Each structure stands twice: as C-alpha cells, then as structure tokens.
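> Here it is: the structure, laid out below.
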Amino acid sequence: MEDRTDKTYEGAGGAENGNQNDTVNTEANDGVFLEAKGIYKQFSGVTVLEDADFSVNCGEVHALMGENGAGKSTLIKIITGVYTKDAGELYVEGKSVEIHNRQDARNLGIQVIYQELSLIPALTVTENIFLGAETAKHGWMDKKAMRERVQSLIEHYGFDLDPDAVVDTMGMAKRQMAEILKALAFKAKLIIMDEPTSSLSAAESEKLFETIDGLRNRGAGILYISHRLDEVYRLSDRLTVMRDGKIVGVLKKGEIDPHTVTTMMIGRDVAGDEDKGATKRYEDHWLEVKNLSYSHMLKDVNFTAYGGEILGIGGLVGSGRTELIRCIYGAAKRSGGTIMLDGKPVSRSIRRNIRNGFGYVPEDRHAEGLVPLLNVEKNITIASYDKLSSASLVNRRKEIAWADKAIKDYDIRPPMRTLAAGSLSGGNQQKTILGRWLSRDLRLLLLDEPTVGVDVGVKMDLYRLLREFADNGAIVVMVSSDLAELVYLSDRVLVMRDGRFFEEFTRGNITQESLLLAASGVHTEEGMSL
C-alpha cells in the first residue's frame, strides 16, 4: 500500500493540522456560492426543467419546495452531476463550471445527504467517514490519525457523536449527524439535504435544526428539500417554489406562510379545501377493541371506531400507535384482548381479514407497501386476485381493466400500468398503495403515516380520497405524527402514551397544542381523559 492522503480530504485540514481549517472556508459568507442560470433538461422529448434560475448563498438555508414531479430532483441531480444539463450555465463562487459527475460536485464543495442514508451499518463513524479515502502511514492504514481527525471535527461542530460507535447501534438523529460530518470532512461548502427529518422524532428533528443553524453561522450553504412547511418556516432564509419544471417564485423569510406557499406549489387557491363540513356516523358499522395487549408495547387498549368517521391516533414515537393497527390488521399477533367488527371476532389471519374488507397502508411503503420491481398494475391488483380469478386462474382482461380504472380514479402519474412502481414519485407510490385498497369493497382502512414524504398537492388529493371513502360509510383509522394532519382530517383523535390511550379529542376541540400536550402526559380542557 502506498502512502497517501486523499487530496480532497487534506483540503479540509488533515489530522496534523488540528482544528485550524475546520471552519467552512468561503471568500465571503454573505456571497453567492452556487448559481444556476437558464437550466433546461428534456427526457425523451419531454421537458422537465425549463429556464430555471436558482442560487444558494454562503451562510444561508435555502429551501426548495414543489409537488412531486415539479422538477426539484432533476435540478438537484444536475447540480450534483447525476444528470447533465441540456442548456444553461452553472457558476460556483462566480466561476462558470461543468459538473459531469458526483466527483466533480464534491471537488467543488457540493455534498448531498439523501433521504436514504448512505452509511454502512456495520462500520464505525470513523470508518464511514473515511470510506474510500483512507489515509496511510508507512504502507499501513493510519487508524489513529483518522480517528483523531474525526474527533477534532466532532468537537469543533459540537456533535454528540462517538468516533468509535458502530452505526448500526446509533439512532437516526446521530446517523444524520454522521452523514453531515462526512460532508464537512471533505470541505463541503454547500450541503444538500433531501427530506432529512422523514425518519426522525420531534426531539431528533430539533437537534438536527440546531446543527443546521450552527453550520449556517459558520458560512455553509444549506439547500433544504422538505414537504413540511413548519420546518421550512423554522429554518429558511429563502424559499424557492417549483411547479411543472419552472421556478414560480422566490420568497424571503418574512414572506413565507403556508397559504402562499401552497397556492404557489399547486397553482390554485386552496382556502376552500379547508372546509371539511359535517360528517355522518354509521352506528351500525363499528370496530371495537377491548383490553388489547401486545408484548410490552400495548396494555389493555380500549376504543371504538365507527363507519363514516376518520379516527386519528396520535402520540409520540414508541407510544404503541403502529403496533395497535398492526394487531388489528393481523400483522402483529396480540397477546390478549378482543377485536370485533360489527359484533363479530376479527381473525388473526391477514388473508382472512383482507377478504373480510380490511386494508392496510404501512408507514414504510418501500419495505412493506410496494413491490418496487413489479409494475403499477401488479401492485394495484395484488390484493384482489380473489375478485379477478376463477378456477385459480387470473382473468387478464379483468386485471388490466381493474388497474386502468384505479390509475384513472386515483390520478396515478404517469398513467402507465406497465411502469415499475419503484420508479414513481413518493406521492404516486402512495396513491398506488391506496388505490390497491380503495378499489376493493373495503369496510375498514388502517393507515400509518399516510402522507409522509409527499408534497402538499398530493397530500390534499389523499385527504379528499380518505374523506370520500369515510363519507361512504367505511371506517378509517389513521396513525399520524403530523399534528396539522390530525387536526385537519380527523373527526376524533385518540392520543396514546405508554401503550394506552391517554386522552380523546372531538372535532372542534382538536388543536395542535392540546395534542402535543396530551402526548407529553398533560391533560387539557379540550380533551377527555381516558
């Protein structure tokens, strides 16, 4: 092995240099770091980016928002060298540049942290940071120097990390920090974060926000991509909104508000969407759970949900929300208690429950909801072969018609049943899973974080579908960490704490503040203690 120190890494300050070069080195922390002018991109004759002008300053958090398919991902991939632009110019620190691949982007100080983290679980923090850029001394890997360098970065940026910790033993918040530290180790001046809080709790998200604030203060530019308006408002110095491949506006911090941003994203005023109106409860159709227990997670849970209503389930991560609906569906085997639907016992078998009118939208659509390599048609029809077959043979004509109808009814884009489901945007993947169930004659729909990672336009589409479904007499039970979603969509909300229901809220008395207090163990005037 030859002695070497990766040049990019050395530029950030090697172990021998201590902390002297740890601060992000920018010519002027208030200057423009990245500028894109007139960016244009086509795929197979379809324009996906048109005349896009965009910039990120040193020492600012610049948010990028838009519906799925608006062009955000394409723009980011051009900036990071995954795609090559068809026209336009890119400038870094005032100089015209060509970015042909990811290494070009890294050499210019541009790093991206994707929603699915790239760390190797079996390696330590130090090993992950130096992966592919190990330093050597006298022909041997210099583990001591690498560890010391990582420790100096940890101390400088105030990260709560252990350089020797194995990633697989760390929580999601610390994994995010390790990804950020990896970017900083290679002299990142612009860090692109794609939905960084999608797997974080509220406390973990707040820790990430503090980290971002610190990076901004040291002169780093942050390009922040999120569908969560509360995060964007909390962090952003500027916000760029995209729609249909074009930049439709740039807002400064004081101009950012949910109504303005939502209207810009979907191209219409959504004020009328907020009027939910009255709902009808179908007393002759009900789900009853009595004294339900599951492992150490659920303890004597009791509740009733009725047809015609959307019952929201709130609470902090780990309170037992997911385990509850998995037990009802049959995906988790309850250790005690009874579950009844319209007075009849609910089976512990998923297959029987599906045939009896159950549907389940899981939190992790990639691992449990979709079969990404199968096409959209198969993902929609996979739960309905009992209706599409006779003598154990699937009727292809019926299957195609079934899928085409669901694609049209639930506005799945692009409307191609032969397209691999894994290639769809997050919002359209979610529509595909929902279409799988809503195309059946369901009696009960269970949802876990139904709109995670989808844009506001798709979110409103999903809300409308769920409301229509409930209004037709079905029972909807929805777990959500999004307090605004619970307030907006639910007819009732039950808040879980430590494996039990703590408080109940009814429409008109549901507020984000009271839900958060209940999840933290504080009773409020709006709620009813359980």
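Identifiers in this document derive from the order of the structure tokens: chains are assigned A, B, ..., residues are numbered from 1 separately in each chain, and ligands are numbered from 1 in order of occurrence.
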DSSP says helix (DSSP H, G or I) for which residues of range 177-212 of chain A? Put them as a list in words?
Met177, Ala178, Glu179, Ile180, Leu181, Lys182, Ala183, Leu184, Ala185, Ala202, Ala203, Glu204, Ser205, Glu206, Lys207, Leu208, Phe209, Glu210, Thr211 and Ile212 of chain A
> Neighbouring residues of range 454-465 of chain A were defined as those with any atom within 6 Å, considering only C-alpha atoms; residues of the same chain fewer than 2 positions away were excluded. Please report them as a list in words.
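My list of contacting residues is Glu67, His227, Ile266, Gly426, Gly427, Thr451, Val452, Arg467 and Glu468 of chain A.
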> Can you tell me, as a list in words, what residues are no more than 12 Å from Ser118 in chain A when counting only C-alpha atoms, ignoring any on the same chain fewer than 2 positions away?
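Surrounding residues, per the criterion: Val112, Ile113, Tyr114, Gln115, Glu116, Ile120, Pro121, Leu123, Asn128, Ile129, Leu131, Val167, Arg175, Gln176, Ala178, Glu179, Ile180, Lys182 and Ala183 of chain A.
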> For the residues in the current selection, export C-alpha atoms as an mmCIF file, in the first residue's frame.

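Everything below was put into selection-v7.cif:
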```cif
data_model
loop_
_atom_site.group_PDB
_atom_site.id
_atom_site.type_symbol
_atom_site.label_atom_id
_atom_site.label_comp_id
_atom_site.auth_asym_id
_atom_site.auth_seq_id
_atom_site.Cartn_x
_atom_site.Cartn_y
_atom_site.Cartn_z
ATOM 1 C CA VAL A 112 -25.751 15.769 -0.840
ATOM 2 C CA ILE A 113 -27.394 13.843 2.003
ATOM 3 C CA TYR A 114 -30.235 11.754 0.652
ATOM 4 C CA GLN A 115 -33.378 10.626 2.458
ATOM 5 C CA GLU A 116 -31.994 7.060 2.450
ATOM 6 C CA ILE A 120 -22.558 1.277 6.153
ATOM 7 C CA PRO A 121 -24.281 -0.040 9.328
ATOM 8 C CA LEU A 123 -18.757 0.180 10.258
ATOM 9 C CA ASN A 128 -17.719 5.503 7.323
ATOM 10 C CA ILE A 129 -16.280 8.991 7.047
ATOM 11 C CA LEU A 131 -14.545 5.003 3.419
ATOM 12 C CA VAL A 167 -23.544 2.983 13.002
ATOM 13 C CA ARG A 175 -26.770 8.817 11.791
ATOM 14 C CA GLN A 176 -27.842 12.082 10.200
ATOM 15 C CA ALA A 178 -22.541 11.318 10.899
ATOM 16 C CA GLU A 179 -23.644 11.957 7.295
ATOM 17 C CA ILE A 180 -23.263 15.707 7.809
ATOM 18 C CA LYS A 182 -18.771 13.132 6.431
ATOM 19 C CA ALA A 183 -19.713 16.011 4.134
#
```
> Any chance you could list, as a PyMOL selection string, the residues in range 274-518 of chain A that come up strand (DSSP E or B) when DSSP is run on the backbone?
chain A and resi 282-294+298-307+310-315+336-341+344-345+358-361+375+389-390+393-394+420+444-448+475-479+492-497+500-506
> I'd like to know which of A:Val301, A:Ala188, A:Leu370, A:Ile110 is closest to Leu215 in chain A, using only C-alpha atoms.
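Checking each of A:Val301, A:Ala188, A:Leu370, A:Ile110 against Leu215 in chain A, counting only C-alpha atoms, the winner is A:Ala188.
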> Excluding same-chain residues fewer than 3 positions from range 317-325 of chain A, what lies within 9 Å of it counting only C-alpha atoms, as a ChimeraX atom specification?
/A:201-202,292-294,297-298,301,313-314,328-332,334,360,362-363,446-448,477-481,495-500,519
> What's the separation between CA of Leu424 in chain A and CA of Gly359 in chain A, in Å to one decimal place?
21.6 Å
> Restricting the calculation to only C-alpha atoms: of A:Glu309, A:Asp300, A:Glu288, A:Glu255, which residue gets closest to Met340 in chain A?
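Nearest to Met340 in chain A: A:Glu288.
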> What is the distance between CA of Glu485 in chain A and CA of Leu64 in chain A, in Å to one decimal?
21.5 Å
> Quick one: distance from CA of Asn509 in chain A to CA of Leu494 in chain A in Å, one decimal?
12.2 Å
> Smallest atom-to-atom distance to Gly315 in chain A: which of A:Ala70, A:Leu486, A:Glu93, A:Val32, using only C-alpha atoms?
A:Leu486
> Excluding Leu442 in chain A and any residue of its chain fewer than 4 positions from it, enumerate the residues within 9 Å of it, using only C-alpha atoms, and give them as a VMD selection string.
chain A and resid 354 356 to 359 437 to 438 474 to 475
